[in-house]
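J.: Below you will find the structure I want to go over with you.
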Amino acid sequence: MFLKQLNIYGFKSFAEKTELEFVPGVTAVVGPNGSGKSNVTDALRWVLGEQSAKSLRGGTMEDIIFAGSDARKPLNYAEVSIILDNQGGKLPIDYNEVSVKRRVFRTGESEFFINDNPCRLRDIVGLFTDSGLGREAFSIISQGKVDQILNSKPEERRTIFEEAAGVLKYKQRKKKTEEK
Ligand code: ATP
Ligand code: MG
């Protein structure tokens, strides 16, 4: 599985439709301080289901919508979509290519899509659990994350290993069943 494309519109500093294409191998994003490098990874984490505004370096979810600049008016919504190559079948969905899209409006309303079909946030989170790309996963290591992992309690750190081992999904299902 690899990330083929990331499309960003209205998310943080991305006022214009921006398409980033990736090929297998290493891609480095370079630029001056404050030019939006970290916003690229924030966009990726958000479309993968991140729900904490704080971890996206904002106060509320509205803070991720382009707030305007001297030359541009603020936008009313933010939209991020990704296209993943799923030829190895790592994602539990019967498609070689999977697209995921997330939109949020200033009114607070959200929309989610998997392969252009409307879905719930929970479906997106479920799709990525145990794939290595999930919210608790290890594939995105942001600034400060290494310290956080080293300083966390063993039980908290365990979640990362469980995701890597692919057992998190079953643990979450068990918990849900026990709640019923
Ligand atoms: P550094 O090299 O310092 O880590 P960076 O390239 O990672 O910088 P980012 O943190 O990605 O930079 O981008 C910060 C910029 O994004 C700031 O200029 C900030 O004003 C802008 N920004 C963040 N949220 C919004 C928003 N909602 N609307 C407009 N601009 C925003
Ligand atoms: Mg940065």
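Lettering and numbering for the structure tokens are positional, with chains as A, B, ... in the shown order, residues counted from 1 in each chain, and ligands counted from 1 in the shown order.
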Would you name the residues within 8 Å of ligand 1, counting only C-alpha atoms and all ligand atoms, and put them as a list in words?

T.: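 I would give the residues around ligand 1 as Gly10, Phe11, Lys12, Ser13, Phe14, Ala15, Val30, Gly31, Pro32, Asn33, Gly34, Ser35, Gly36, Lys37, Ser38, Asn39, Val40, Asp42, Gly58, Glu62, Asp63, Ile64, Ile65, Phe66, Ala67, Gly68, Ser69 and Pro74 of chain A.
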
J.: Restricting it to N, CA and C atoms, dump the selection as a short mmCIF file (atom, residue, chain, number, x, y, z; two decimals), in the first residue's frame.

T.:
```
data_model
loop_
_atom_site.label_atom_id
_atom_site.label_comp_id
_atom_site.auth_asym_id
_atom_site.auth_seq_id
_atom_site.Cartn_x
_atom_site.Cartn_y
_atom_site.Cartn_z
N GLY A 10 -8.53 24.46 1.00
CA GLY A 10 -9.13 25.17 2.11
C GLY A 10 -8.66 24.70 3.47
N PHE A 11 -7.68 23.80 3.49
CA PHE A 11 -7.14 23.28 4.75
C PHE A 11 -5.94 24.14 5.17
N LYS A 12 -6.06 24.78 6.34
CA LYS A 12 -4.99 25.64 6.87
C LYS A 12 -4.47 26.62 5.82
N SER A 13 -3.19 26.56 5.48
CA SER A 13 -2.63 27.58 4.57
C SER A 13 -2.93 27.29 3.09
N PHE A 14 -3.61 26.17 2.79
CA PHE A 14 -3.84 25.80 1.39
C PHE A 14 -5.14 26.41 0.86
N ALA A 15 -5.06 27.66 0.42
CA ALA A 15 -6.25 28.36 -0.07
C ALA A 15 -6.62 27.91 -1.47
N VAL A 30 10.36 20.33 1.24
CA VAL A 30 11.24 21.35 1.82
C VAL A 30 10.63 22.74 1.64
N GLY A 31 11.00 23.66 2.50
CA GLY A 31 10.49 25.02 2.39
C GLY A 31 10.85 25.80 3.63
N PRO A 32 10.74 27.13 3.56
CA PRO A 32 11.08 27.97 4.72
C PRO A 32 10.13 27.74 5.89
N ASN A 33 10.51 28.23 7.05
CA ASN A 33 9.65 28.12 8.24
C ASN A 33 8.29 28.76 7.96
N GLY A 34 7.25 28.07 8.37
CA GLY A 34 5.91 28.62 8.23
C GLY A 34 5.33 28.52 6.84
N SER A 35 5.98 27.77 5.95
CA SER A 35 5.49 27.71 4.57
C SER A 35 4.43 26.62 4.37
N GLY A 36 4.19 25.80 5.39
CA GLY A 36 3.10 24.83 5.29
C GLY A 36 3.53 23.37 5.20
N LYS A 37 4.79 23.06 5.52
CA LYS A 37 5.24 21.65 5.45
C LYS A 37 4.47 20.77 6.44
N SER A 38 4.41 21.25 7.68
CA SER A 38 3.70 20.44 8.68
C SER A 38 2.21 20.39 8.38
N ASN A 39 1.69 21.43 7.73
CA ASN A 39 0.26 21.41 7.36
C ASN A 39 -0.05 20.26 6.40
N VAL A 40 0.94 19.86 5.61
CA VAL A 40 0.75 18.72 4.70
C VAL A 40 0.50 17.44 5.51
N ASP A 42 -0.46 17.37 8.63
CA ASP A 42 -1.71 17.56 9.38
C ASP A 42 -2.90 17.17 8.50
N GLY A 58 -4.35 23.10 16.58
CA GLY A 58 -5.36 24.16 16.59
C GLY A 58 -6.18 24.10 17.87
N GLU A 62 -12.56 24.31 13.58
CA GLU A 62 -12.72 25.41 12.63
C GLU A 62 -11.36 26.03 12.29
N ASP A 63 -10.40 25.90 13.19
CA ASP A 63 -9.08 26.48 12.95
C ASP A 63 -8.35 25.84 11.77
N ILE A 64 -8.83 24.70 11.31
CA ILE A 64 -8.15 24.07 10.18
C ILE A 64 -8.65 24.64 8.83
N ILE A 65 -9.74 25.42 8.87
CA ILE A 65 -10.25 26.00 7.62
C ILE A 65 -9.49 27.28 7.32
N PHE A 66 -9.10 27.44 6.06
CA PHE A 66 -8.32 28.61 5.66
C PHE A 66 -8.95 29.89 6.20
N ALA A 67 -8.17 30.64 7.00
CA ALA A 67 -8.73 31.77 7.73
C ALA A 67 -8.62 33.09 6.97
N GLY A 68 -8.07 33.05 5.74
CA GLY A 68 -7.93 34.29 4.97
C GLY A 68 -6.56 34.91 5.14
N SER A 69 -6.21 35.77 4.20
CA SER A 69 -4.93 36.47 4.27
C SER A 69 -5.17 37.88 3.75
N PRO A 74 -11.41 34.47 3.70
CA PRO A 74 -11.46 33.15 4.34
C PRO A 74 -12.36 32.21 3.53
#
```

J.: Pick out each residue of chain A that DSSP on the backbone tags as helix (DSSP H, G or I); I need them as an NGL selection string.

T.: :A and (37-47 or 54-56 or 61-64 or 121-128 or 145-151 or 154-165 or 168-179)

J.: Excluding Val98 in chain A and its own-chain neighbours fewer than 3 positions away, which residues fall within 7 Å of it when counting only C-alpha atoms? Please give them as a JSON list (two decimals) with N, CA and C atoms, in the first residue's frame.

T.:
```json
[["chain", "number", "residue", "atom", "x", "y", "z"],
["A", 83, "ILE", "N", -5.57, 9.32, -2.34],
["A", 83, "ILE", "CA", -5.73, 8.10, -3.14],
["A", 83, "ILE", "C", -4.62, 7.15, -2.72],
["A", 84, "LEU", "N", -5.01, 5.95, -2.32],
["A", 84, "LEU", "CA", -4.03, 4.95, -1.89],
["A", 84, "LEU", "C", -4.02, 3.79, -2.86],
["A", 85, "ASP", "N", -2.83, 3.31, -3.14],
["A", 85, "ASP", "CA", -2.70, 2.09, -3.93],
["A", 85, "ASP", "C", -2.92, 0.92, -2.98],
["A", 86, "ASN", "N", -3.90, 0.09, -3.30],
["A", 86, "ASN", "CA", -4.23, -1.04, -2.40],
["A", 86, "ASN", "C", -4.05, -2.38, -3.12],
["A", 95, "TYR", "N", -10.87, -3.13, -3.58],
["A", 95, "TYR", "CA", -10.48, -2.22, -4.66],
["A", 95, "TYR", "C", -8.96, -2.08, -4.68],
["A", 115, "ASN", "N", -14.18, 5.97, -1.57],
["A", 115, "ASN", "CA", -14.42, 5.77, -3.01],
["A", 115, "ASN", "C", -15.67, 6.52, -3.47]]
```

J.: At what distance in Å, to one decimal, does CA of Gly132 in chain A lie from CA of Ala164 in chain A?

T.: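 Interatomic distance, CA of Ala164 in chain A to CA of Gly132 in chain A: 6.3 Å.
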
J.: Extract, using only C-alpha atoms, all DNA, RNA and protein residues at most 8 Å from Ile82 in chain A, discarding same-chain residues fewer than 5 positions from it, and format them as an mmCIF file with N, CA and C atoms, in the first residue's frame.

T.:
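Final output, saved to selection26.cif:
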```cif
data_model
loop_
_atom_site.group_PDB
_atom_site.id
_atom_site.type_symbol
_atom_site.label_atom_id
_atom_site.label_comp_id
_atom_site.auth_asym_id
_atom_site.auth_seq_id
_atom_site.Cartn_x
_atom_site.Cartn_y
_atom_site.Cartn_z
ATOM 1 N N LEU A 3 0.779 5.781 -0.625
ATOM 2 C CA LEU A 3 0.017 6.999 -0.882
ATOM 3 C C LEU A 3 0.369 7.520 -2.272
ATOM 4 N N LYS A 4 -0.638 7.550 -3.152
ATOM 5 C CA LYS A 4 -0.382 8.025 -4.512
ATOM 6 C C LYS A 4 -0.633 9.518 -4.653
ATOM 7 N N GLN A 5 -1.663 9.966 -3.975
ATOM 8 C CA GLN A 5 -2.041 11.364 -4.170
ATOM 9 C C GLN A 5 -2.679 11.969 -2.924
ATOM 10 N N LEU A 6 -2.372 13.229 -2.714
ATOM 11 C CA LEU A 6 -2.981 13.984 -1.614
ATOM 12 C C LEU A 6 -3.510 15.290 -2.200
ATOM 13 N N ASN A 7 -4.813 15.526 -2.059
ATOM 14 C CA ASN A 7 -5.427 16.746 -2.584
ATOM 15 C C ASN A 7 -5.922 17.597 -1.421
ATOM 16 N N LEU A 44 -2.942 15.069 6.083
ATOM 17 C CA LEU A 44 -2.949 13.614 5.937
ATOM 18 C C LEU A 44 -3.543 12.951 7.184
ATOM 19 N N VAL A 47 -7.425 13.562 7.267
ATOM 20 C CA VAL A 47 -8.240 12.740 6.361
ATOM 21 C C VAL A 47 -8.265 11.276 6.816
ATOM 22 N N SER A 99 -9.970 5.705 -2.449
ATOM 23 C CA SER A 99 -9.909 7.132 -2.157
ATOM 24 C C SER A 99 -10.721 7.417 -0.901
ATOM 25 N N VAL A 100 -10.205 8.336 -0.111
ATOM 26 C CA VAL A 100 -10.874 8.741 1.116
ATOM 27 C C VAL A 100 -10.938 10.261 1.121
ATOM 28 N N LYS A 101 -12.120 10.792 1.422
ATOM 29 C CA LYS A 101 -12.278 12.249 1.411
ATOM 30 C C LYS A 101 -12.983 12.714 2.678
#
```
